[in-house]
Amino acid sequence: MADNKQSNTPAVSMSAVNKWFDDFHVLKDINLTVADGEKIVICGPSGSGKSTLIRCICKLEDHQRGSINVLGTELNDDIANIDEIRREVGMVFQQFNLFPHMTVLENCTLAQTLVRKKSRKEAEAIAMGFLEKVRIPEQANKYPGELSGGQQQRVAIARSLCMNPQILLFDEPTSALDPEMISEVLDVMVSLAEEGMTMVCVTHEMGFARRVADRVIFMDEGEIVEENDPMTFFDHPENERTKLFLGQILAH
Amino acid sequence: MNTSNQTLNDVLAPPKPSFGGVLKQRLFNTPLDAVITIVCAGLLFYLLYNVIDWAFLSSIWKAEDEPLCRDATGACWSVIDARHRIIMFGLFPFEEHWRSTVACVVMILTIVLSCVPWFWSAVRLGLLWILGFGTFYILMHGGIFGLTEITPERWGGLALTLFIFAAVSIIGMPLSVILALGRRSKLPVIAKMVGLFIDFFRSLPLLTILFTAAVITPFLLPGWLQGDKLYRVIVGFAIFFACYQAENIRAGLQAIPPGQDEAGLTLGLSYWQRVGRIQLPQAFRNSLPAIVNQFVITFKETSIVTIVGFFEILASGSAAFGTGQWTAHYIEVYVFIGLIYFIFVFSLSRYGAYLERKLRVGHG
Amino acid sequence: MGNILRNQKFRGILFQAVALSVVAVVLIGMVMNTKASLDAQGLTAGFNFLDRSTGWDFSFSVLPYEISDTYTRVILIGVLNTLLLGFLGLLLATILGIIIGLIRTSKNYLFSLLGTIYVEVFRNVPLILQAIFWYAILTNLPRPRQALNFADSIFLSGRGLYFPVLNIPLWSFALMVAMCIAWLITLGWLRHKMDASLAYHRLKKMGWIALIIAIVVIGYLARIPETTLFDIPALKGLNFRGGMRMPPELTALVVAIALYGGAYIGEVIRAGLMAVPKGQIEAAYVNGLSNFQIFWHIRMPLAIRAVLPSLTNQYVQLMKATTIGIVVGFSDLFMIISTSINQSGQTLELLAILMACFLAINLSIAFVMNTINQKIALKGYEVKS
């Protein structure tokens, strides 16, 4: 996780970002800075644009106005820029998106051999290292369909880590899991956070946010409504909408 | 103690239905059912008896026994005995028939091996077909390795049918992948053009396209681009095949969750890496039954080239009984040809059904 | 400068521009080549030849025809012949297909085995071979003197199938058919507007009675004077006189398409019947409906809805398959066009006409079937295309 950019270049910097889906204004004037090594949690009701926001960071969605800078490179139509950013930013999806026709090990080595041009041996060694880190090295030769949801998501995290990213994005990583498997994934995410990875997570897991986040951001209807450190955010929310949302989430 | 052990054992073993019980339930459930069963059984036996009698018991087999055919009630297979060479090889020179036979066997072997999962990677399949088709072509055409040259006008019968089928498949499969990817392109001009192309060729009858290829394209193409009529027809056929197969592949591509491609994107894979390693393997798995079915249809459709003047197996069959003493025995010849098609087509389609069952289980 | 080449949007536009130009160059090249070839052969392009008379004869025609008729009329006859062949073939194939589909979904093992044998035999042999086979059999039937005889009014011989027809002029027959179709469409529209209410059923009954009376009246008024109601074929000398004759070419093709198409349509219908969710049938059982009621009111309607797209596809395929008519000498559209090309040399124009006709036929079938599909689609469900 070596960081070879100066520590005062923000990992992600979004200014005046606006996005429309046809006529629907999904991101309204987003200004967000993520420092290197910072952990951000974004929460909000469904349809608030939080998934769209982090998908814009790795160019899975295009923004129509404003600028996004990732690791000092501007995210525009320049293909070299896009490729570079995609190599350095990893993403973990709600639906895991493991490649079903490849084994767990092959899932982790594919991008290493094709993009980082590593040899098969080297790639497998790195992959086994990360599979041990997420605590499922014994599943290396199984197919994703044979694993539980929690195991699949941990493989997905290992797969992203194999590319040695400088930023990891999480799009509701535990929302598709059965309750008893959520903690094993959250444990992995916590240990990643403690090692200093820059993370931007969209999640409903408030316990995780409290424990790990440097900042919690609340989004509603495409705008950033409130952002604060976790203690202040949860105990003394300022905005009415934030209070309403927290009341609904924390009631259960 | 003993009695409770006994009851336990009785409870644990499920009652197995006797064979007679199954038979009764399937066939004799209601009185109406019983009547239907008896009628059907009767019909089946009647059909079976007549077919076996006609084909085997009352039939004449040897060519010399042909005069007996007039009085016999069964099939006169003598016509096959006497004329099978024309049917299988057309006008291929008599001494070289061994080449045609070996070539056909090689081609059939190639098709059978393509069905073995071990070969299912682009590289292995590609090598298999290049080897198989190359061997076929060298054997048939000759000109090297001391074999006399025999140009395609002299090819005929089953060998020509297999050649056309194989050539169409080899040209058509890569083309269908390109068309499928093109139609799904994010560039609107490309997607529209490919879409128009595919829809245009799919809306026309195959015969029209073959006819155009055989007769019209000499007008459209400059002199240096004109090939033999056989190759023009093969290219036209291949384009037709590719348009249909492209739609099957496209359906398979559409069934892949978009997250798969997004995961590839976030891992930094390029377009062709994603297409080759993530999309196409899954697309082929998704639509394998439809893809195999398209091959089955294509094999049947090779019979249509007879209309544009090729001496494939239908035409050679008609020629076989067209002369002299054999004119009355058209039924036997057509049944023979029908059997050849049936064996190929039925095997391929059974294989397709088997694949479909196997893949459905795997998805679970 | 190098930067713009790396711009994603620019590359996309550049690639599309290059692709368009390549296609344009190829098309223009083909057009120029065609002009050169035509000039070299001394042929003129253009559709003027359509007014020339053809000078050749052919076997079967729906409309009255003379050798001096123009190309336009001949092509029209070709279209009508193809439509007739298609209509007869598709109709019989559908009826046969429904029967086979029902047989194959029967619980009786032997019964469904018969259906399976039929489907496998007729699906796995090319249609063209089947057509040739039936044609060979039909033309080798005995001469009219020894023709096969059904009830002294239908005769099957080597020269064709003869059957009785009504002794009325063509226009009145067309009028009757048009009235029936109009009534069926009106019935469908009324059903849509009024739902299955009591008033609707009364209207339906009255409508059918009115239709039948109208048909009988037209038939009576329009009948050819001094003839009996039916024109029954009878053997006069070496041949049959009277009645309508279906030549062996047409008969063989209709039989082949019906049997081949019946196998395919049977499979489609079987898939449809099996696609009806078991839960629906179980709910019907629980409600006390009899087996036949469940079949007629639940299984069939749901199966038809499930099956319409595949059925459309089959119809389009079978319609295209009528082009094999040339191999038995039936004068369908393709055979007429290819003979015209041989006779007049106006290859490209005639080919364009052929393609346009087939596109029109396919689009019409697709249009009709899609309209039906939309009208009967279950409300609120996503229609997956």
# chains A, B, ... in the order shown; residues from 1 in each chain; ligands from 1
>>> closest_atom_pairs(of="chain B", to="chain A", cutoff="12 Å", atoms="only C-alpha atoms", output="tab-separated table")
residue	atom	partner	partner_atom	distance
B:Ile256	CA	A:Phe99	CA	10.4
B:Pro257	CA	A:Asn97	CA	8.3
B:Pro258	CA	A:Asn97	CA	8.9
B:Gly259	CA	A:Asn97	CA	5.6
B:Gln260	CA	A:Asn97	CA	5.3
B:Asp261	CA	A:Asn97	CA	8.6
B:Glu262	CA	A:Leu60	CA	7.1
B:Ala263	CA	A:Asn97	CA	6.2
B:Gly264	CA	A:Ala111	CA	8.1
B:Leu265	CA	A:Arg86	CA	7.1
B:Thr266	CA	A:Arg86	CA	5.6
B:Leu267	CA	A:Ala111	CA	6.1
B:Gly268	CA	A:Arg87	CA	4.9
B:Leu269	CA	A:Val115	CA	6.3
B:Ser270	CA	A:Val115	CA	8.2
B:Tyr271	CA	A:Asp83	CA	11.2
B:Trp272	CA	A:Leu114	CA	10.9
B:Gln273	CA	A:Leu114	CA	7.7
B:Arg274	CA	A:Ala111	CA	10.0
B:Gly276	CA	A:Leu114	CA	11.6
B:Arg277	CA	A:Leu110	CA	8.7
B:Ile278	CA	A:Phe99	CA	7.0
B:Gln279	CA	A:Phe99	CA	9.6
B:Leu280	CA	A:His101	CA	10.8
B:Pro281	CA	A:His101	CA	7.5
B:Gln282	CA	A:His101	CA	7.0
B:Ala283	CA	A:His101	CA	10.8
B:Phe284	CA	A:His101	CA	11.2
B:Arg285	CA	A:His101	CA	9.1
B:Asn286	CA	A:His101	CA	11.3
B:Gly362	CA	A:Gly145	CA	9.3
B:His363	CA	A:Gly145	CA	8.3
B:Gly364	CA	A:Gly145	CA	8.8
>>> write_last_selection(atoms="N, CA, C and O atoms", output="CSV table (one decimal), in the first residue's frame")
chain,number,residue,atom,x,y,z
B,256,ILE,N,-25.7,-11.5,-19.3
B,256,ILE,CA,-24.7,-11.3,-18.3
B,256,ILE,C,-25.0,-10.1,-17.5
B,256,ILE,O,-25.3,-9.0,-18.0
B,257,PRO,N,-25.0,-10.2,-16.2
B,257,PRO,CA,-25.3,-9.0,-15.3
B,257,PRO,C,-24.2,-7.9,-15.6
B,257,PRO,O,-23.1,-8.2,-15.8
B,258,PRO,N,-24.7,-6.6,-15.8
B,258,PRO,CA,-23.8,-5.6,-16.2
B,258,PRO,C,-22.6,-5.4,-15.2
B,258,PRO,O,-21.5,-4.9,-15.5
B,259,GLY,N,-22.8,-5.9,-13.9
B,259,GLY,CA,-21.8,-5.8,-12.9
B,259,GLY,C,-20.5,-6.5,-13.3
B,259,GLY,O,-19.4,-6.1,-12.9
B,260,GLN,N,-20.7,-7.6,-14.1
B,260,GLN,CA,-19.5,-8.3,-14.5
B,260,GLN,C,-18.5,-7.4,-15.3
B,260,GLN,O,-17.3,-7.4,-15.1
B,261,ASP,N,-19.1,-6.7,-16.3
B,261,ASP,CA,-18.2,-5.8,-17.1
B,261,ASP,C,-17.7,-4.7,-16.2
B,261,ASP,O,-16.5,-4.3,-16.4
B,262,GLU,N,-18.5,-4.2,-15.3
B,262,GLU,CA,-18.1,-3.1,-14.4
B,262,GLU,C,-16.9,-3.6,-13.5
B,262,GLU,O,-15.9,-2.8,-13.3
B,263,ALA,N,-17.0,-4.8,-13.0
B,263,ALA,CA,-15.9,-5.3,-12.2
B,263,ALA,C,-14.6,-5.4,-13.0
B,263,ALA,O,-13.6,-5.0,-12.6
B,264,GLY,N,-14.8,-5.8,-14.3
B,264,GLY,CA,-13.6,-5.8,-15.2
B,264,GLY,C,-13.0,-4.4,-15.4
B,264,GLY,O,-11.8,-4.2,-15.4
B,265,LEU,N,-13.9,-3.4,-15.5
B,265,LEU,CA,-13.5,-2.1,-15.7
B,265,LEU,C,-12.7,-1.6,-14.5
B,265,LEU,O,-11.6,-1.0,-14.6
B,266,THR,N,-13.3,-1.9,-13.3
B,266,THR,CA,-12.6,-1.4,-12.1
B,266,THR,C,-11.3,-2.1,-11.8
B,266,THR,O,-10.4,-1.6,-11.1
B,267,LEU,N,-11.1,-3.2,-12.5
B,267,LEU,CA,-9.8,-3.9,-12.3
B,267,LEU,C,-8.8,-3.4,-13.3
B,267,LEU,O,-7.7,-3.8,-13.4
B,268,GLY,N,-9.3,-2.5,-14.2
B,268,GLY,CA,-8.3,-1.9,-15.2
B,268,GLY,C,-8.2,-2.7,-16.5
B,268,GLY,O,-7.3,-2.4,-17.3
B,269,LEU,N,-9.1,-3.7,-16.7
B,269,LEU,CA,-9.0,-4.5,-18.0
B,269,LEU,C,-9.4,-3.6,-19.2
B,269,LEU,O,-10.4,-2.9,-19.1
B,270,SER,N,-8.8,-3.9,-20.3
B,270,SER,CA,-9.2,-3.2,-21.5
B,270,SER,C,-10.4,-3.8,-22.2
B,270,SER,O,-10.8,-4.9,-21.7
B,271,TYR,N,-10.9,-3.1,-23.2
B,271,TYR,CA,-12.2,-3.6,-23.8
B,271,TYR,C,-12.0,-5.1,-24.3
B,271,TYR,O,-12.8,-5.9,-24.0
B,272,TRP,N,-10.9,-5.3,-25.1
B,272,TRP,CA,-10.8,-6.7,-25.7
B,272,TRP,C,-10.5,-7.7,-24.6
B,272,TRP,O,-10.9,-8.9,-24.7
B,273,GLN,N,-9.8,-7.3,-23.5
B,273,GLN,CA,-9.6,-8.2,-22.4
B,273,GLN,C,-10.9,-8.6,-21.7
B,273,GLN,O,-11.2,-9.7,-21.4
B,274,ARG,N,-11.8,-7.6,-21.6
B,274,ARG,CA,-13.0,-7.8,-21.0
B,274,ARG,C,-13.9,-8.7,-21.9
B,274,ARG,O,-14.5,-9.7,-21.4
B,276,GLY,N,-12.9,-10.8,-24.2
B,276,GLY,CA,-12.4,-12.1,-24.4
B,276,GLY,C,-12.4,-13.0,-23.2
B,276,GLY,O,-12.7,-14.2,-23.3
B,277,ARG,N,-12.2,-12.4,-22.0
B,277,ARG,CA,-12.0,-13.2,-20.8
B,277,ARG,C,-13.3,-13.3,-20.0
B,277,ARG,O,-13.5,-14.2,-19.2
B,278,ILE,N,-14.1,-12.2,-20.0
B,278,ILE,CA,-15.2,-12.2,-19.1
B,278,ILE,C,-16.6,-12.3,-19.9
B,278,ILE,O,-17.4,-13.1,-19.5
B,279,GLN,N,-16.7,-11.5,-21.0
B,279,GLN,CA,-18.0,-11.5,-21.6
B,279,GLN,C,-18.3,-12.8,-22.5
B,279,GLN,O,-19.3,-13.5,-22.3
B,280,LEU,N,-17.4,-13.0,-23.4
B,280,LEU,CA,-17.6,-14.1,-24.4
B,280,LEU,C,-17.8,-15.5,-23.7
B,280,LEU,O,-18.7,-16.3,-24.0
B,281,PRO,N,-16.9,-15.8,-22.8
B,281,PRO,CA,-17.0,-17.2,-22.1
B,281,PRO,C,-18.4,-17.3,-21.5
B,281,PRO,O,-19.0,-18.4,-21.6
B,282,GLN,N,-18.9,-16.3,-20.8
B,282,GLN,CA,-20.2,-16.4,-20.2
B,282,GLN,C,-21.3,-16.3,-21.2
B,282,GLN,O,-22.3,-17.1,-21.1
B,283,ALA,N,-21.1,-15.6,-22.3
B,283,ALA,CA,-22.2,-15.5,-23.3
B,283,ALA,C,-22.4,-16.8,-24.0
B,283,ALA,O,-23.5,-17.3,-24.2
B,284,PHE,N,-21.3,-17.5,-24.3
B,284,PHE,CA,-21.4,-18.8,-24.9
B,284,PHE,C,-22.0,-19.8,-24.0
B,284,PHE,O,-22.8,-20.6,-24.4
B,285,ARG,N,-21.6,-19.8,-22.7
B,285,ARG,CA,-22.3,-20.7,-21.8
B,285,ARG,C,-23.8,-20.4,-21.7
B,285,ARG,O,-24.6,-21.3,-21.7
B,286,ASN,N,-24.2,-19.1,-21.8
B,286,ASN,CA,-25.6,-18.8,-21.7
B,286,ASN,C,-26.4,-19.3,-22.8
B,286,ASN,O,-27.5,-19.7,-22.7
B,362,GLY,N,-25.8,-26.9,-13.8
B,362,GLY,CA,-24.6,-26.2,-13.3
B,362,GLY,C,-24.9,-24.9,-12.8
B,362,GLY,O,-24.3,-24.4,-11.9
B,363,HIS,N,-25.9,-24.2,-13.4
B,363,HIS,CA,-26.3,-22.9,-12.9
B,363,HIS,C,-26.9,-22.9,-11.5
B,363,HIS,O,-26.7,-22.1,-10.7
B,364,GLY,N,-27.7,-23.9,-11.3
B,364,GLY,CA,-28.4,-24.1,-10.0
B,364,GLY,C,-28.8,-22.8,-9.4
B,364,GLY,O,-28.5,-22.5,-8.3
>>> residues_around(residues="Ile100 of chain C", least_positions_apart="5", cutoff="9 Å", atoms="only C-alpha atoms", output="PyMOL selection string")
chain C and resi 95+105+112+115-116+118-119+262-263+265-267+269-270
>>> atom_distance(atom1="atom CA of Ala63 of chain B", atom2="atom CA of Val79 of chain B")
6.4 Å
>>> interface_residues(of="chain B", to="chain C", cutoff="7 Å", atoms="only C-alpha atoms", output="list in words")
Arg26, Leu27, Asp33, Thr37, Cys40, Ala41, Leu187, Val189, Ile190, Ser203, Leu204, Pro205, Leu207, Ile216, Phe219, Leu220, Leu221, Pro222, Lys300, Glu301, Ser303, Ile304, Ile307, Tyr334, Gly338, Tyr341, Phe342, Val345 and Phe346 of chain B
>>> closest_atom_pairs(of="chain C", to="chain A", cutoff="10 Å", atoms="only C-alpha atoms", output="Markdown table")
| residue | atom | partner | partner_atom | distance |
| --- | --- | --- | --- | --- |
| C:Asn3 | CA | A:Asp78 | CA | 7.1 |
| C:Ile4 | CA | A:Asp78 | CA | 7.7 |
| C:Leu5 | CA | A:Asp78 | CA | 8.4 |
| C:Arg6 | CA | A:Ile79 | CA | 5.2 |
| C:Asn7 | CA | A:Asp78 | CA | 4.2 |
| C:Gln8 | CA | A:Asp77 | CA | 5.0 |
| C:Lys9 | CA | A:Asp77 | CA | 6.5 |
| C:Phe10 | CA | A:Asp77 | CA | 8.6 |
| C:Arg11 | CA | A:Ile79 | CA | 9.4 |
>>> residues_around(residues="segment 232-242 of chain B", least_positions_apart="4", cutoff="7 Å", atoms="only C-alpha atoms", output="list of chain:residue names")
B:Ile164, B:Ala167, B:Val168, B:Ser169, B:Ile171, B:Gly172, B:Met173, B:Leu175, B:Ser176, B:Phe201, B:Arg202, B:Ile209, B:Leu210, B:Ala213, B:Ala214, B:Gly227, B:Asp228, B:Ala246
>>> write_last_selection(atoms="N, CA, C and O atoms", output="CSV table (one decimal), in the first residue's frame")
chain,number,residue,atom,x,y,z
B,164,ILE,N,-19.3,-27.7,-47.6
B,164,ILE,CA,-20.0,-26.5,-47.5
B,164,ILE,C,-20.3,-26.2,-46.1
B,164,ILE,O,-20.2,-25.1,-45.6
B,167,ALA,N,-17.1,-25.1,-44.2
B,167,ALA,CA,-16.6,-23.8,-44.7
B,167,ALA,C,-17.5,-22.7,-44.1
B,167,ALA,O,-17.0,-21.7,-43.6
B,168,VAL,N,-18.8,-22.9,-44.2
B,168,VAL,CA,-19.7,-21.9,-43.6
B,168,VAL,C,-19.5,-21.7,-42.1
B,168,VAL,O,-19.5,-20.6,-41.6
B,169,SER,N,-19.2,-22.8,-41.4
B,169,SER,CA,-19.0,-22.7,-40.0
B,169,SER,C,-17.7,-21.9,-39.7
B,169,SER,O,-17.7,-21.1,-38.8
B,171,ILE,N,-16.0,-19.8,-41.5
B,171,ILE,CA,-16.1,-18.3,-41.8
B,171,ILE,C,-17.1,-17.7,-40.9
B,171,ILE,O,-17.0,-16.5,-40.5
B,172,GLY,N,-18.2,-18.4,-40.7
B,172,GLY,CA,-19.4,-17.7,-40.1
B,172,GLY,C,-19.2,-17.5,-38.6
B,172,GLY,O,-19.7,-16.5,-38.0
B,173,MET,N,-18.5,-18.4,-37.8
B,173,MET,CA,-18.5,-18.2,-36.4
B,173,MET,C,-17.7,-16.9,-36.0
B,173,MET,O,-18.2,-16.1,-35.2
B,175,LEU,N,-17.2,-14.3,-37.7
B,175,LEU,CA,-18.0,-13.2,-38.2
B,175,LEU,C,-19.2,-12.9,-37.2
B,175,LEU,O,-19.5,-11.8,-37.0
B,176,SER,N,-19.8,-14.0,-36.7
B,176,SER,CA,-20.9,-13.8,-35.9
B,176,SER,C,-20.5,-13.1,-34.6
B,176,SER,O,-21.3,-12.3,-34.0
B,201,PHE,N,-30.2,-9.2,-43.6
B,201,PHE,CA,-30.0,-10.6,-44.0
B,201,PHE,C,-30.9,-11.6,-43.4
B,201,PHE,O,-31.2,-12.6,-43.9
B,202,ARG,N,-31.3,-11.3,-42.1
B,202,ARG,CA,-32.2,-12.2,-41.5
B,202,ARG,C,-33.6,-12.2,-42.1
B,202,ARG,O,-34.3,-13.2,-41.9
B,209,ILE,N,-30.4,-15.3,-50.9
B,209,ILE,CA,-29.1,-14.8,-50.7
B,209,ILE,C,-28.1,-15.7,-51.5
B,209,ILE,O,-27.2,-15.2,-52.1
B,210,LEU,N,-28.3,-17.0,-51.5
B,210,LEU,CA,-27.5,-17.9,-52.3
B,210,LEU,C,-27.6,-17.6,-53.8
B,210,LEU,O,-26.6,-17.6,-54.5
B,213,ALA,N,-25.7,-14.5,-54.5
B,213,ALA,CA,-24.3,-14.7,-54.4
B,213,ALA,C,-23.8,-15.4,-55.7
B,213,ALA,O,-22.8,-15.1,-56.3
B,214,ALA,N,-24.6,-16.4,-56.2
B,214,ALA,CA,-24.2,-17.2,-57.3
B,214,ALA,C,-24.3,-16.3,-58.6
B,214,ALA,O,-23.5,-16.4,-59.5
B,227,GLY,N,-14.7,-14.9,-57.3
B,227,GLY,CA,-14.1,-16.2,-57.1
B,227,GLY,C,-15.0,-17.2,-57.8
B,227,GLY,O,-15.8,-16.9,-58.6
B,228,ASP,N,-14.7,-18.5,-57.5
B,228,ASP,CA,-15.5,-19.5,-58.0
B,228,ASP,C,-16.9,-19.4,-57.5
B,228,ASP,O,-17.2,-18.9,-56.4
B,246,ALA,N,-25.2,-14.4,-34.6
B,246,ALA,CA,-24.9,-13.2,-33.9
B,246,ALA,C,-26.0,-12.9,-32.9
B,246,ALA,O,-25.8,-12.4,-31.8
>>> atom_distance(atom1="atom CA of Gln314 of chain C", atom2="atom CA of Ile170 of chain B")
26.8 Å
>>> residues_around(residues="Lys121 of chain A", least_positions_apart="4", cutoff="12 Å", atoms="only C-alpha atoms", output="PyMOL selection string")
chain A and resi 105-106+109+112-113+117+125-128
>>> write_last_selection(atoms="all heavy atoms", output="short mmCIF file (atom, residue, chain, number, x, y, z; two decimals), in the first residue's frame")
data_model
loop_
_atom_site.label_atom_id
_atom_site.label_comp_id
_atom_site.auth_asym_id
_atom_site.auth_seq_id
_atom_site.Cartn_x
_atom_site.Cartn_y
_atom_site.Cartn_z
N LEU A 105 -9.00 -18.22 -7.28
CA LEU A 105 -7.61 -17.82 -7.55
C LEU A 105 -7.50 -17.11 -8.90
O LEU A 105 -6.83 -16.08 -9.04
CB LEU A 105 -6.70 -19.05 -7.52
CG LEU A 105 -5.19 -18.78 -7.47
CD1 LEU A 105 -4.86 -17.96 -6.23
CD2 LEU A 105 -4.42 -20.09 -7.45
N GLU A 106 -8.19 -17.68 -9.93
CA GLU A 106 -8.12 -17.07 -11.25
C GLU A 106 -8.76 -15.69 -11.25
O GLU A 106 -8.29 -14.79 -11.94
CB GLU A 106 -8.82 -17.98 -12.28
CG GLU A 106 -8.01 -19.20 -12.65
CD GLU A 106 -8.85 -20.25 -13.34
OE1 GLU A 106 -10.09 -20.07 -13.43
OE2 GLU A 106 -8.28 -21.26 -13.79
N THR A 109 -6.04 -13.42 -10.06
CA THR A 109 -4.81 -13.26 -10.83
C THR A 109 -5.07 -12.67 -12.22
O THR A 109 -4.13 -12.23 -12.88
CB THR A 109 -4.11 -14.62 -11.03
OG1 THR A 109 -5.01 -15.52 -11.65
CG2 THR A 109 -3.64 -15.18 -9.70
N GLN A 112 -4.03 -9.05 -12.66
CA GLN A 112 -2.59 -8.90 -12.42
C GLN A 112 -1.80 -9.29 -13.65
O GLN A 112 -0.84 -8.63 -14.05
CB GLN A 112 -2.16 -9.78 -11.26
CG GLN A 112 -2.67 -9.33 -9.91
CD GLN A 112 -2.05 -10.15 -8.82
OE1 GLN A 112 -0.86 -10.05 -8.56
NE2 GLN A 112 -2.84 -11.00 -8.19
N THR A 113 -2.17 -10.42 -14.28
CA THR A 113 -1.40 -10.88 -15.43
C THR A 113 -1.68 -10.03 -16.65
O THR A 113 -0.79 -9.76 -17.45
CB THR A 113 -1.73 -12.35 -15.74
OG1 THR A 113 -3.14 -12.51 -15.78
CG2 THR A 113 -1.14 -13.28 -14.71
N LYS A 117 0.86 -7.03 -15.86
CA LYS A 117 1.84 -7.81 -16.60
C LYS A 117 2.73 -8.66 -15.70
O LYS A 117 3.90 -8.86 -15.98
CB LYS A 117 2.73 -6.90 -17.47
CG LYS A 117 1.97 -5.93 -18.31
CD LYS A 117 1.45 -6.60 -19.59
CE LYS A 117 1.01 -5.57 -20.60
NZ LYS A 117 -0.38 -5.42 -20.74
N ALA A 125 1.11 -15.92 -6.07
CA ALA A 125 1.65 -15.71 -4.72
C ALA A 125 0.99 -14.50 -4.07
O ALA A 125 0.57 -14.55 -2.90
CB ALA A 125 3.16 -15.52 -4.81
N ILE A 126 0.89 -13.42 -4.84
CA ILE A 126 0.24 -12.22 -4.30
C ILE A 126 -1.20 -12.52 -3.94
O ILE A 126 -1.70 -12.13 -2.87
CB ILE A 126 0.31 -11.07 -5.34
CG1 ILE A 126 1.77 -10.66 -5.56
CG2 ILE A 126 -0.52 -9.89 -4.88
CD1 ILE A 126 1.94 -9.57 -6.58
N ALA A 127 -1.88 -13.25 -4.84
CA ALA A 127 -3.29 -13.56 -4.60
C ALA A 127 -3.46 -14.38 -3.34
O ALA A 127 -4.34 -14.10 -2.51
CB ALA A 127 -3.86 -14.31 -5.81
N MET A 128 -2.61 -15.40 -3.16
CA MET A 128 -2.74 -16.23 -1.96
C MET A 128 -2.49 -15.38 -0.71
O MET A 128 -3.17 -15.57 0.31
CB MET A 128 -1.74 -17.39 -2.01
CG MET A 128 -2.12 -18.51 -2.97
SD MET A 128 -3.80 -19.12 -2.74
CE MET A 128 -3.68 -19.90 -1.15
#
>>> residues_around(residues="Met206 of chain A", least_positions_apart="5", cutoff="9 Å", atoms="only C-alpha atoms", output="list in words")
Cys43, Arg211, Phe234, Ile249 and Leu250 of chain A
>>> write_last_selection(atoms="all heavy atoms", output="compact mmCIF listing (two decimals), in the first residue's frame")
# COMPACT_ATOMS: atom_id res chain seq x y z
N CYS A 43 -23.78 8.02 3.71
CA CYS A 43 -25.05 7.35 3.92
C CYS A 43 -26.18 8.24 3.42
O CYS A 43 -25.97 9.41 3.13
CB CYS A 43 -25.24 7.01 5.40
SG CYS A 43 -25.26 8.47 6.45
N ARG A 211 -16.96 3.30 14.14
CA ARG A 211 -15.68 2.74 14.58
C ARG A 211 -14.52 3.24 13.72
O ARG A 211 -13.42 3.46 14.19
CB ARG A 211 -15.77 1.22 14.49
CG ARG A 211 -14.65 0.54 15.21
CD ARG A 211 -14.98 -0.92 15.44
NE ARG A 211 -13.69 -1.64 15.47
CZ ARG A 211 -13.55 -2.93 15.25
NH1 ARG A 211 -14.62 -3.64 14.97
NH2 ARG A 211 -12.38 -3.49 15.30
N PHE A 234 -23.41 11.42 14.70
CA PHE A 234 -24.45 10.56 15.24
C PHE A 234 -25.09 11.14 16.49
O PHE A 234 -26.28 10.97 16.72
CB PHE A 234 -23.87 9.17 15.57
CG PHE A 234 -23.57 8.36 14.32
CD1 PHE A 234 -22.26 8.06 13.98
CD2 PHE A 234 -24.58 7.94 13.49
CE1 PHE A 234 -21.99 7.32 12.84
CE2 PHE A 234 -24.32 7.22 12.34
CZ PHE A 234 -23.01 6.91 12.01
N ILE A 249 -33.10 4.94 10.58
CA ILE A 249 -32.09 3.87 10.49
C ILE A 249 -31.85 3.25 11.85
O ILE A 249 -31.79 2.03 12.00
CB ILE A 249 -30.76 4.45 9.97
CG1 ILE A 249 -30.83 4.68 8.48
CG2 ILE A 249 -29.63 3.54 10.32
CD1 ILE A 249 -30.32 3.53 7.68
N LEU A 250 -31.72 4.11 12.87
CA LEU A 250 -31.27 3.58 14.14
C LEU A 250 -32.41 3.01 14.96
O LEU A 250 -32.20 2.42 16.00
CB LEU A 250 -30.54 4.67 14.94
CG LEU A 250 -29.27 5.14 14.26
CD1 LEU A 250 -28.68 6.36 14.97
CD2 LEU A 250 -28.24 4.02 14.25
>>> select_by_dssp(residues="segment 58-199 of chain C", states="strand (DSSP E)", output="list in words")
Leu148, Asn149, Phe150, Ile154, Phe155, Leu156, Ser157, Gly160, Leu161, Tyr162, Phe163, Val165 and Leu166 of chain C
>>> closest_residue(among="C:Ala252, C:Val22, C:Met176, C:Leu14", to="Thr139 of chain C", atoms="only C-alpha atoms")
C:Ala252
>>> select_by_dssp(residues="segment 208-378 of chain C", states="alpha helix (DSSP H)", output="number ranges by chain")
C: 208-222, 248-274, 278-286, 291-294, 300-321, 333-344, 347-376
>>> closest_residue(among="C:Met274, C:Met246, C:Phe47, C:Tyr162", to="Ser106 of chain C", atoms="only C-alpha atoms")
C:Met274
>>> closest_residue(among="C:Pro248, C:Gly329, C:Gly160, C:Gly97", to="Phe58 of chain C", atoms="only C-alpha atoms")
C:Gly329
